[in-house]
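What follows is the content of structure_21.pdb, which has PDB, C-alpha atoms:
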ATOM      1  CA  MET A   1     -17.680  -8.779  -7.262  1.00  0.00           C
ATOM      2  CA  GLN A   2     -14.504  -7.047  -8.380  1.00  0.00           C
ATOM      3  CA  ALA A   3     -14.441  -3.292  -7.838  1.00  0.00           C
ATOM      4  CA  VAL A   4     -13.783  -1.100 -10.868  1.00  0.00           C
ATOM      5  CA  TYR A   5     -12.070   1.416  -8.612  1.00  0.00           C
ATOM      6  CA  GLU A   6     -11.176   1.328  -4.934  1.00  0.00           C
ATOM      7  CA  TYR A   7      -9.837   3.898  -2.499  1.00  0.00           C
ATOM      8  CA  PRO A   8      -7.741   3.418  -0.480  1.00  0.00           C
ATOM      9  CA  PRO A   9      -6.144   0.921  -2.868  1.00  0.00           C
ATOM     10  CA  LYS A  10      -5.326  -2.570  -1.678  1.00  0.00           C
ATOM     11  CA  LEU A  11      -1.638  -2.935  -0.888  1.00  0.00           C
ATOM     12  CA  SER A  12       0.640  -5.888  -0.397  1.00  0.00           C
ATOM     13  CA  ARG A  13       2.142  -6.562   3.021  1.00  0.00           C
ATOM     14  CA  ALA A  14       5.449  -4.967   2.045  1.00  0.00           C
ATOM     15  CA  GLU A  15       3.669  -1.920   0.613  1.00  0.00           C
ATOM     16  CA  ARG A  16       1.585  -1.561   3.794  1.00  0.00           C
ATOM     17  CA  GLN A  17       4.740  -1.609   5.914  1.00  0.00           C
ATOM     18  CA  VAL A  18       6.395   1.054   3.766  1.00  0.00           C
ATOM     19  CA  LYS A  19       3.242   3.181   3.824  1.00  0.00           C
ATOM     20  CA  ALA A  20       2.910   2.833   7.610  1.00  0.00           C
ATOM     21  CA  ALA A  21       6.500   3.986   8.135  1.00  0.00           C
ATOM     22  CA  HIS A  22       5.959   6.903   5.751  1.00  0.00           C
ATOM     23  CA  ASP A  23       2.689   7.899   7.457  1.00  0.00           C
ATOM     24  CA  ILE A  24       4.332   7.866  10.906  1.00  0.00           C
ATOM     25  CA  GLU A  25       7.151  10.106   9.699  1.00  0.00           C
ATOM     26  CA  GLU A  26       4.694  12.422   7.944  1.00  0.00           C
ATOM     27  CA  HIS A  27       2.566  12.625  11.091  1.00  0.00           C
ATOM     28  CA  ARG A  28       5.585  13.544  13.217  1.00  0.00           C
ATOM     29  CA  LYS A  29       6.573  16.196  10.690  1.00  0.00           C
ATOM     30  CA  MET A  30       3.102  17.764  10.797  1.00  0.00           C
ATOM     31  CA  GLN A  31       3.139  17.678  14.603  1.00  0.00           C
ATOM     32  CA  ARG A  32       6.503  19.458  14.685  1.00  0.00           C
ATOM     33  CA  ASN A  33       5.218  22.120  12.293  1.00  0.00           C
ATOM     34  CA  MET A  34       2.119  22.613  14.426  1.00  0.00           C
ATOM     35  CA  TYR A  35       4.167  23.011  17.624  1.00  0.00           C
ATOM     36  CA  LYS A  36       6.500  25.465  15.863  1.00  0.00           C
ATOM     37  CA  ASN A  37       3.565  27.597  14.701  1.00  0.00           C
ATOM     38  CA  ILE A  38       1.956  27.567  18.142  1.00  0.00           C
ATOM     39  CA  LEU A  39       5.250  28.388  19.889  1.00  0.00           C
ATOM     40  CA  LEU A  40       5.939  31.226  17.463  1.00  0.00           C
ATOM     41  CA  GLY A  41       2.411  32.522  17.992  1.00  0.00           C
ATOM     42  CA  VAL A  42       2.830  32.478  21.780  1.00  0.00           C
ATOM     43  CA  VAL A  43       6.147  34.349  21.502  1.00  0.00           C
ATOM     44  CA  ILE A  44       4.531  37.008  19.295  1.00  0.00           C
ATOM     45  CA  ILE A  45       1.653  37.379  21.780  1.00  0.00           C
ATOM     46  CA  ILE A  46       4.088  37.793  24.702  1.00  0.00           C
ATOM     47  CA  ILE A  47       6.099  40.393  22.781  1.00  0.00           C
ATOM     48  CA  GLY A  48       2.929  42.293  21.969  1.00  0.00           C
ATOM     49  CA  ALA A  49       1.506  42.104  25.482  1.00  0.00           C
ATOM     50  CA  VAL A  50       4.720  42.887  27.388  1.00  0.00           C
ATOM     51  CA  PHE A  51       7.063  44.903  25.202  1.00  0.00           C
ATOM     52  CA  ALA A  52       4.838  46.819  22.777  1.00  0.00           C
ATOM     53  CA  SER A  53       4.092  50.295  24.097  1.00  0.00           C
ATOM     54  CA  ALA A  54       1.616  51.546  21.518  1.00  0.00           C
ATOM     55  CA  VAL A  55      -1.897  50.176  21.862  1.00  0.00           C
ATOM     56  CA  PHE A  56      -2.233  49.613  18.122  1.00  0.00           C
ATOM     57  CA  ALA A  57       1.031  47.633  17.958  1.00  0.00           C
ATOM     58  CA  LYS A  58       0.053  45.639  21.046  1.00  0.00           C
ATOM     59  CA  VAL A  59      -3.317  44.621  19.578  1.00  0.00           C
ATOM     60  CA  LEU A  60      -1.802  43.897  16.165  1.00  0.00           C
ATOM     61  CA  LEU A  61       0.902  41.610  17.580  1.00  0.00           C
ATOM     62  CA  ILE A  62      -1.566  39.749  19.791  1.00  0.00           C
ATOM     63  CA  LEU A  63      -3.874  39.156  16.826  1.00  0.00           C
ATOM     64  CA  LEU A  64      -0.940  38.072  14.662  1.00  0.00           C
ATOM     65  CA  GLY A  65       0.191  35.593  17.302  1.00  0.00           C
ATOM     66  CA  ALA A  66      -3.321  34.199  17.721  1.00  0.00           C
ATOM     67  CA  CYS A  67      -3.647  33.770  13.952  1.00  0.00           C
ATOM     68  CA  ASN A  68      -0.315  31.959  13.822  1.00  0.00           C
ATOM     69  CA  CYS A  69      -1.468  29.517  16.520  1.00  0.00           C
ATOM     70  CA  SER A  70      -4.751  28.969  14.675  1.00  0.00           C
ATOM     71  CA  VAL A  71      -3.000  28.295  11.367  1.00  0.00           C
ATOM     72  CA  GLY A  72      -0.815  25.644  13.004  1.00  0.00           C
ATOM     73  CA  GLY A  73      -3.837  23.898  14.498  1.00  0.00           C
ATOM     74  CA  LEU A  74      -5.891  24.115  11.304  1.00  0.00           C
ATOM     75  CA  MET A  75      -3.092  22.722   9.151  1.00  0.00           C
ATOM     76  CA  TYR A  76      -2.729  19.727  11.481  1.00  0.00           C
ATOM     77  CA  TRP A  77      -6.502  19.214  11.553  1.00  0.00           C
ATOM     78  CA  TYR A  78      -6.686  19.319   7.751  1.00  0.00           C
ATOM     79  CA  TYR A  79      -3.834  16.822   7.526  1.00  0.00           C
ATOM     80  CA  SER A  80      -5.689  14.501   9.918  1.00  0.00           C
ATOM     81  CA  LEU A  81      -8.801  14.673   7.736  1.00  0.00           C
ATOM     82  CA  SER A  82      -6.821  13.822   4.603  1.00  0.00           C
ATOM     83  CA  ARG A  83      -5.443  10.718   6.367  1.00  0.00           C
ATOM     84  CA  ASP A  84      -8.850   9.573   7.595  1.00  0.00           C
ATOM     85  CA  ALA A  85      -8.804   5.761   7.569  1.00  0.00           C
ATOM     86  CA  ASP A  86     -12.603   5.494   7.897  1.00  0.00           C
ATOM     87  CA  VAL A  87     -13.184   7.180   4.535  1.00  0.00           C
ATOM     88  CA  TYR A  88     -13.393   4.884   1.517  1.00  0.00           C
ATOM     89  CA  THR A  89     -14.808   4.613  -2.002  1.00  0.00           C
ATOM     90  CA  ARG A  90     -15.509   1.391  -3.887  1.00  0.00           C
ATOM     91  CA  ILE A  91     -17.025   1.667  -7.340  1.00  0.00           C
ATOM     92  CA  TYR A  92     -18.704  -1.398  -8.870  1.00  0.00           C
ATOM     93  CA  GLU A  93     -20.534  -1.939 -12.137  1.00  0.00           C
ATOM     94  CA  ASP A  94     -23.983  -1.573 -10.547  1.00  0.00           C
ATOM     95  CA  HIS A  95     -23.403   0.387  -7.323  1.00  0.00           C
ATOM     96  CA  ILE A  96     -20.987   2.424  -5.241  1.00  0.00           C
ATOM     97  CA  GLU A  97     -19.976   1.882  -1.611  1.00  0.00           C
ATOM     98  CA  HIS A  98     -18.812   5.117  -0.072  1.00  0.00           C
ATOM     99  CA  SER A  99     -18.008   6.559   3.350  1.00  0.00           C
ATOM    100  CA  GLN A 100     -17.588  10.231   4.225  1.00  0.00           C
ATOM    101  CA  ARG A 101     -17.222  12.290   7.371  1.00  0.00           C
ATOM    102  CA  MET A 102     -20.270  14.276   8.435  1.00  0.00           C
ATOM    103  CA  GLY A 103     -19.138  17.863   8.927  1.00  0.00           C
ATOM    104  CA  LEU A 104     -16.654  18.410  11.750  1.00  0.00           C
ATOM    105  CA  SER A 105     -17.987  15.539  13.846  1.00  0.00           C
ATOM    106  CA  LYS A 106     -16.446  12.085  14.164  1.00  0.00           C
ATOM    107  CA  SER A 107     -19.516  10.453  12.675  1.00  0.00           C
ATOM    108  CA  TYR A 108     -19.435   8.907   9.219  1.00  0.00           C
ATOM    109  CA  LEU A 109     -22.109   8.415   6.613  1.00  0.00           C
ATOM    110  CA  HIS A 110     -21.857   4.996   4.975  1.00  0.00           C
ATOM    111  CA  ILE A 111     -23.540   4.885   1.582  1.00  0.00           C
ATOM    112  CA  CYS A 112     -24.447   1.942  -0.607  1.00  0.00           C
ATOM    113  CA  LEU A 113     -25.994   3.488  -3.707  1.00  0.00           C
ATOM    114  CA  TYR A 114     -27.314   1.533  -6.688  1.00  0.00           C
ATOM    115  CA  TYR A 115     -27.159   3.387  -9.984  1.00  0.00           C
ATOM    116  CA  GLU A 116     -30.612   2.192 -11.048  1.00  0.00           C
ATOM    117  CA  GLU A 117     -32.071   4.214  -8.167  1.00  0.00           C
ATOM    118  CA  VAL A 118     -30.427   7.461  -9.310  1.00  0.00           C
ATOM    119  CA  GLU A 119     -32.598   9.651 -11.511  1.00  0.00           C
ATOM    120  CA  LYS A 120     -29.919  12.233 -12.290  1.00  0.00           C
ATOM    121  CA  SER A 121     -26.793  13.763 -10.810  1.00  0.00           C
ATOM    122  CA  TYR A 122     -24.809  16.976 -10.909  1.00  0.00           C
ATOM    123  CA  GLN A 123     -21.899  18.713  -9.195  1.00  0.00           C
ATOM    124  CA  THR A 124     -22.078  21.650  -6.813  1.00  0.00           C
ATOM    125  CA  ASN A 125     -19.631  24.554  -6.889  1.00  0.00           C
ATOM    126  CA  LYS A 126     -17.845  22.875  -3.954  1.00  0.00           C
ATOM    127  CA  GLY A 127     -17.222  19.729  -5.986  1.00  0.00           C
ATOM    128  CA  ARG A 128     -19.811  17.511  -4.311  1.00  0.00           C
ATOM    129  CA  LEU A 129     -21.651  15.020  -6.487  1.00  0.00           C
ATOM    130  CA  VAL A 130     -25.383  15.315  -5.810  1.00  0.00           C
ATOM    131  CA  CYS A 131     -27.535  12.330  -6.776  1.00  0.00           C
ATOM    132  CA  VAL A 132     -31.294  12.754  -7.124  1.00  0.00           C
ATOM    133  CA  LEU A 133     -32.891   9.499  -5.981  1.00  0.00           C
ATOM    134  CA  LYS A 134     -35.925   7.582  -7.202  1.00  0.00           C
ATOM    135  CA  ASN A 135     -37.735   4.559  -5.739  1.00  0.00           C
ATOM    136  CA  VAL A 136     -35.066   3.721  -3.161  1.00  0.00           C
ATOM    137  CA  GLU A 137     -35.299   0.027  -2.282  1.00  0.00           C
ATOM    138  CA  LYS A 138     -31.835  -1.512  -2.502  1.00  0.00           C
ATOM    139  CA  SER A 139     -29.683   1.488  -1.550  1.00  0.00           C
ATOM    140  CA  SER A 140     -28.861   2.133   2.104  1.00  0.00           C
ATOM    141  CA  PHE A 141     -27.615   5.108   4.111  1.00  0.00           C
ATOM    142  CA  VAL A 142     -26.270   4.605   7.636  1.00  0.00           C
ATOM    143  CA  VAL A 143     -24.601   7.005  10.076  1.00  0.00           C
ATOM    144  CA  LYS A 144     -21.993   5.484  12.391  1.00  0.00           C
ATOM    145  CA  ASP A 145     -20.553   7.479  15.307  1.00  0.00           C
ATOM    146  CA  LYS A 146     -17.157   7.085  16.992  1.00  0.00           C
ATOM    147  CA  GLU A 147     -18.602   4.592  19.507  1.00  0.00           C
ATOM    148  CA  GLY A 148     -19.801   2.386  16.657  1.00  0.00           C
ATOM    149  CA  ARG A 149     -23.497   3.123  17.126  1.00  0.00           C
ATOM    150  CA  GLU A 150     -25.495   3.107  13.906  1.00  0.00           C
ATOM    151  CA  LYS A 151     -28.679   4.833  12.823  1.00  0.00           C
ATOM    152  CA  ALA A 152     -30.480   5.135   9.523  1.00  0.00           C
ATOM    153  CA  PHE A 153     -29.970   8.297   7.504  1.00  0.00           C
ATOM    154  CA  VAL A 154     -32.816   9.708   5.432  1.00  0.00           C
ATOM    155  CA  PRO A 155     -31.654  11.773   2.418  1.00  0.00           C
ATOM    156  CA  GLU A 156     -33.121  15.264   2.504  1.00  0.00           C
ATOM    157  CA  ASP A 157     -35.466  16.113  -0.387  1.00  0.00           C
ATOM    158  CA  GLY A 158     -34.650  12.769  -2.004  1.00  0.00           C
ATOM    159  CA  MET A 159     -31.046  13.776  -2.699  1.00  0.00           C
ATOM    160  CA  ILE A 160     -27.696  12.535  -1.423  1.00  0.00           C
ATOM    161  CA  ALA A 161     -24.462  14.539  -1.744  1.00  0.00           C
ATOM    162  CA  LEU A 162     -21.223  12.595  -2.095  1.00  0.00           C
ATOM    163  CA  SER A 163     -17.977  14.282  -1.065  1.00  0.00           C
ATOM    164  CA  PHE A 164     -14.817  12.546  -2.241  1.00  0.00           C
ATOM    165  CA  GLN A 165     -11.536  12.615  -0.365  1.00  0.00           C
ATOM    166  CA  ASP A 166      -9.992  11.059  -3.467  1.00  0.00           C
ATOM    167  CA  THR A 167     -10.875  13.099  -6.557  1.00  0.00           C
ATOM    168  CA  LYS A 168     -10.016  10.254  -8.930  1.00  0.00           C
ATOM    169  CA  GLY A 169     -12.954   8.225  -7.612  1.00  0.00           C
ATOM    170  CA  LYS A 170     -15.379  10.962  -8.620  1.00  0.00           C
ATOM    171  CA  VAL A 171     -13.722  11.278 -12.026  1.00  0.00           C
ATOM    172  CA  VAL A 172     -14.094   7.534 -12.647  1.00  0.00           C
ATOM    173  CA  LEU A 173     -17.750   7.695 -11.648  1.00  0.00           C
ATOM    174  CA  ILE A 174     -18.744  10.621 -13.876  1.00  0.00           C
ATOM    175  CA  ASN A 175     -16.596   9.556 -16.834  1.00  0.00           C
ATOM    176  CA  ASP A 176     -17.360   5.829 -16.940  1.00  0.00           C
ATOM    177  CA  PHE A 177     -20.827   5.682 -15.366  1.00  0.00           C
ATOM    178  CA  TYR A 178     -22.404   8.980 -16.442  1.00  0.00           C
ATOM    179  CA  GLU A 179     -25.235   7.206 -18.274  1.00  0.00           C
ATOM    180  CA  LYS A 180     -26.122   5.085 -15.242  1.00  0.00           C
ATOM    181  CA  ILE A 181     -26.179   8.028 -12.819  1.00  0.00           C
ATOM    182  CA  GLY A 182     -27.730  10.520 -15.243  1.00  0.00           C
ATOM    183  CA  TYR A 183     -24.751  12.843 -15.205  1.00  0.00           C
ATOM    184  CA  PRO A 184     -24.674  15.417 -18.041  1.00  0.00           C
ATOM    185  CA  HIS A 185     -22.107  14.376 -20.609  1.00  0.00           C
ATOM    186  CA  LYS A 186     -20.973  16.621 -23.425  1.00  0.00           C
ATOM    187  CA  GLU A 187     -20.429  15.172 -26.866  1.00  0.00           C
ATOM    188  CA  TYR A 188     -18.061  17.329 -28.835  1.00  0.00           C
ATOM    189  CA  ASN A 189     -18.863  17.752 -32.510  1.00  0.00           C
ATOM    190  CA  LYS A 190     -16.180  16.898 -34.994  1.00  0.00           C
ATOM    191  CA  ILE A 191     -15.218  19.958 -36.998  1.00  0.00           C
ATOM    192  CA  GLU A 192     -14.971  19.222 -40.679  1.00  0.00           C
ATOM    193  CA  ASP A 193     -13.436  21.456 -43.292  1.00  0.00           C
ATOM    194  CA  GLU A 194     -16.103  22.282 -45.834  1.00  0.00           C
ATOM    195  CA  GLU A 195     -13.563  23.539 -48.339  1.00  0.00           C
ATOM    196  CA  ASP A 196     -12.461  21.197 -51.071  1.00  0.00           C
ATOM    197  CA  ASP A 197      -8.873  20.180 -50.378  1.00  0.00           C
ATOM    198  CA  TYR A 198      -8.517  18.309 -53.658  1.00  0.00           C
ATOM    199  CA  TYR A 199      -5.327  19.215 -55.493  1.00  0.00           C
ATOM    200  CA  SER A 200      -5.252  19.037 -59.251  1.00  0.00           C
ATOM    201  CA  GLU A 201      -2.049  18.514 -61.185  1.00  0.00           C
ATOM    202  CA  GLU A 202      -2.011  22.234 -61.939  1.00  0.00           C
ATOM    203  CA  ASP A 203      -2.332  23.024 -58.211  1.00  0.00           C
ATOM    204  CA  MET A 204       0.527  20.707 -57.373  1.00  0.00           C
ATOM    205  CA  LYS A 205       2.657  22.365 -59.988  1.00  0.00           C
ATOM    206  CA  TRP A 206       2.301  25.819 -58.421  1.00  0.00           C
ATOM    207  CA  ASP A 207       1.798  24.852 -54.765  1.00  0.00           C
ATOM    208  CA  ARG A 208       4.093  21.941 -53.969  1.00  0.00           C
ATOM    209  CA  LEU A 209       4.183  22.786 -50.242  1.00  0.00           C
ATOM    210  CA  HIS A 210       0.360  22.798 -49.916  1.00  0.00           C
ATOM    211  CA  LYS A 211       0.300  26.350 -48.614  1.00  0.00           C
ATOM    212  CA  HIS A 212      -2.862  27.257 -50.514  1.00  0.00           C
ATOM    213  CA  GLY A 213      -1.156  30.359 -51.820  1.00  0.00           C
ATOM    214  CA  LEU A 214      -0.474  31.744 -48.313  1.00  0.00           C
TER
END
structure tokens encoding of this file:
Amino acid sequence: MQAVYEYPPKLSRAERQVKAAHDIEEHRKMQRNMYKNILLGVVIIIIGAVFASAVFAKVLLILLGACNCSVGGLMYWYYSLSRDADVYTRIYEDHIEHSQRMGLSKSYLHICLYYEEVEKSYQTNKGRLVCVLKNVEKSSFVVKDKEGREKAFVPEDGMIALSFQDTKGKVVLINDFYEKIGYPHKEYNKIEDEEDDYYSEEDMKWDRLHKHGL
């Protein structure tokens, strides 16, 4: 069955080679930035601990250096998450195959969700798509850890929350499949002008530019 939408997209051999080279360079760049932030943080801590005489300045510089080190590490960690190769989304006409990281662990939740088993869905304020399930028979939920071990996952309170690394996948799902997943869809009313815009010959004579006398 052909997927309506797929992330990461399938690439040709030449495109994969170009992407691999780009990813390696991007990874090295992020590593350099992380090391720079950590080194700068260590220097600030040393200055604060050794050269600062006032207690307030000493504490402030040490905290500033520690924050700088933390920012460097967090930025690299966030970059690693955004490049996670084990995360995917494949949207089909009758179901979605989806993988997402579970919290900060290296375990992944693999989801195969059939639309017919979704009663309704909605978004949280964090952008997660929550699906309320009904009569689950065909859908499956499996947790796989970094060693490859698998175990069944039971959705809590009959609901499963999908978090998308690629926002476009979620947009495709709620725009094109909102009826199948019970997602609220707004129909905008067409505004019609109730005033009669008919122009008589006399109107045309005095209002050739259709300004209605304004």
* For Ile174 in chain A, which of A:Cys67, A:Met30, A:Ile47, A:Val130 is the closest residue, counting only C-alpha atoms? ->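 So, comparing all the options, the nearest one is A:Val130.
Taking only C-alpha atoms into account, Cys69 in chain A lies nearest to A:Leu39 out of the set A:Ile96, A:Ala57, A:Leu39, A:Ala52.
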* Apply the PyMOL selection byres ((chain A and resi 135-141) around 6) to the structure shown and report the selected residues as an NGL selection string. => :A and (110-114 or 117 or 134 or 142 or 153)
* Any idea what the distance is between CA of Tyr5 in chain A and CA of Glu179 in chain A? -> 17.3 Å
* By how many Å are CA of Lys58 in chain A and CA of Tyr76 in chain A apart? ->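 It comes out at 27.8 Å.
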Would you list the contacts of range 121-126 of chain A as a PDB file with C-alpha atoms, in the coordinates of the input, taking every protein, DNA or RNA residue within 6 Å and counting all atoms listed in the file, but skipping same-chain residues closer than 6 positions in sequence?
ATOM      1  CA  VAL A 132     -31.294  12.754  -7.124  1.00  0.00           C
ATOM      2  CA  GLY A 182     -27.730  10.520 -15.243  1.00  0.00           C
ATOM      3  CA  TYR A 183     -24.751  12.843 -15.205  1.00  0.00           C
TER       4      TYR A 183
END
* Asked: What gap, in Å, lies between CA of Phe51 in chain A and CA of Met34 in chain A?
  ->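 That distance, rounded to one decimal, is 25.2 Å.
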Test item: residues at most 8 Å from Leu40 in chain A, only C-alpha atoms, excluding those fewer than 3 positions along its chain, as a PDB file with C-alpha atoms, in the frame of the given file:
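Saved the output as around_1.pdb:
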ATOM      1  CA  LYS A  36       6.500  25.465  15.863  1.00  0.00           C
ATOM      2  CA  ASN A  37       3.565  27.597  14.701  1.00  0.00           C
ATOM      3  CA  VAL A  43       6.147  34.349  21.502  1.00  0.00           C
ATOM      4  CA  ILE A  44       4.531  37.008  19.295  1.00  0.00           C
ATOM      5  CA  GLY A  65       0.191  35.593  17.302  1.00  0.00           C
ATOM      6  CA  ASN A  68      -0.315  31.959  13.822  1.00  0.00           C
ATOM      7  CA  CYS A  69      -1.468  29.517  16.520  1.00  0.00           C
TER       8      CYS A  69
END
* Find the residues with any atom within 6 Å of (-10.8, 5.7, -2.3); use all atoms listed in the file and the coordinates as given in the file, and write the answer as number ranges by chain. => A: 6-8, 88-89, 166
Using C-alpha atoms, can you write the selected residues to a file as a PDB file, in the coordinates of the input?
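Saved as part-v4.pdb:
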ATOM      1  CA  GLU A   6     -11.176   1.328  -4.934  1.00  0.00           C
ATOM      2  CA  TYR A   7      -9.837   3.898  -2.499  1.00  0.00           C
ATOM      3  CA  PRO A   8      -7.741   3.418  -0.480  1.00  0.00           C
ATOM      4  CA  TYR A  88     -13.393   4.884   1.517  1.00  0.00           C
ATOM      5  CA  THR A  89     -14.808   4.613  -2.002  1.00  0.00           C
ATOM      6  CA  ASP A 166      -9.992  11.059  -3.467  1.00  0.00           C
TER       7      ASP A 166
END
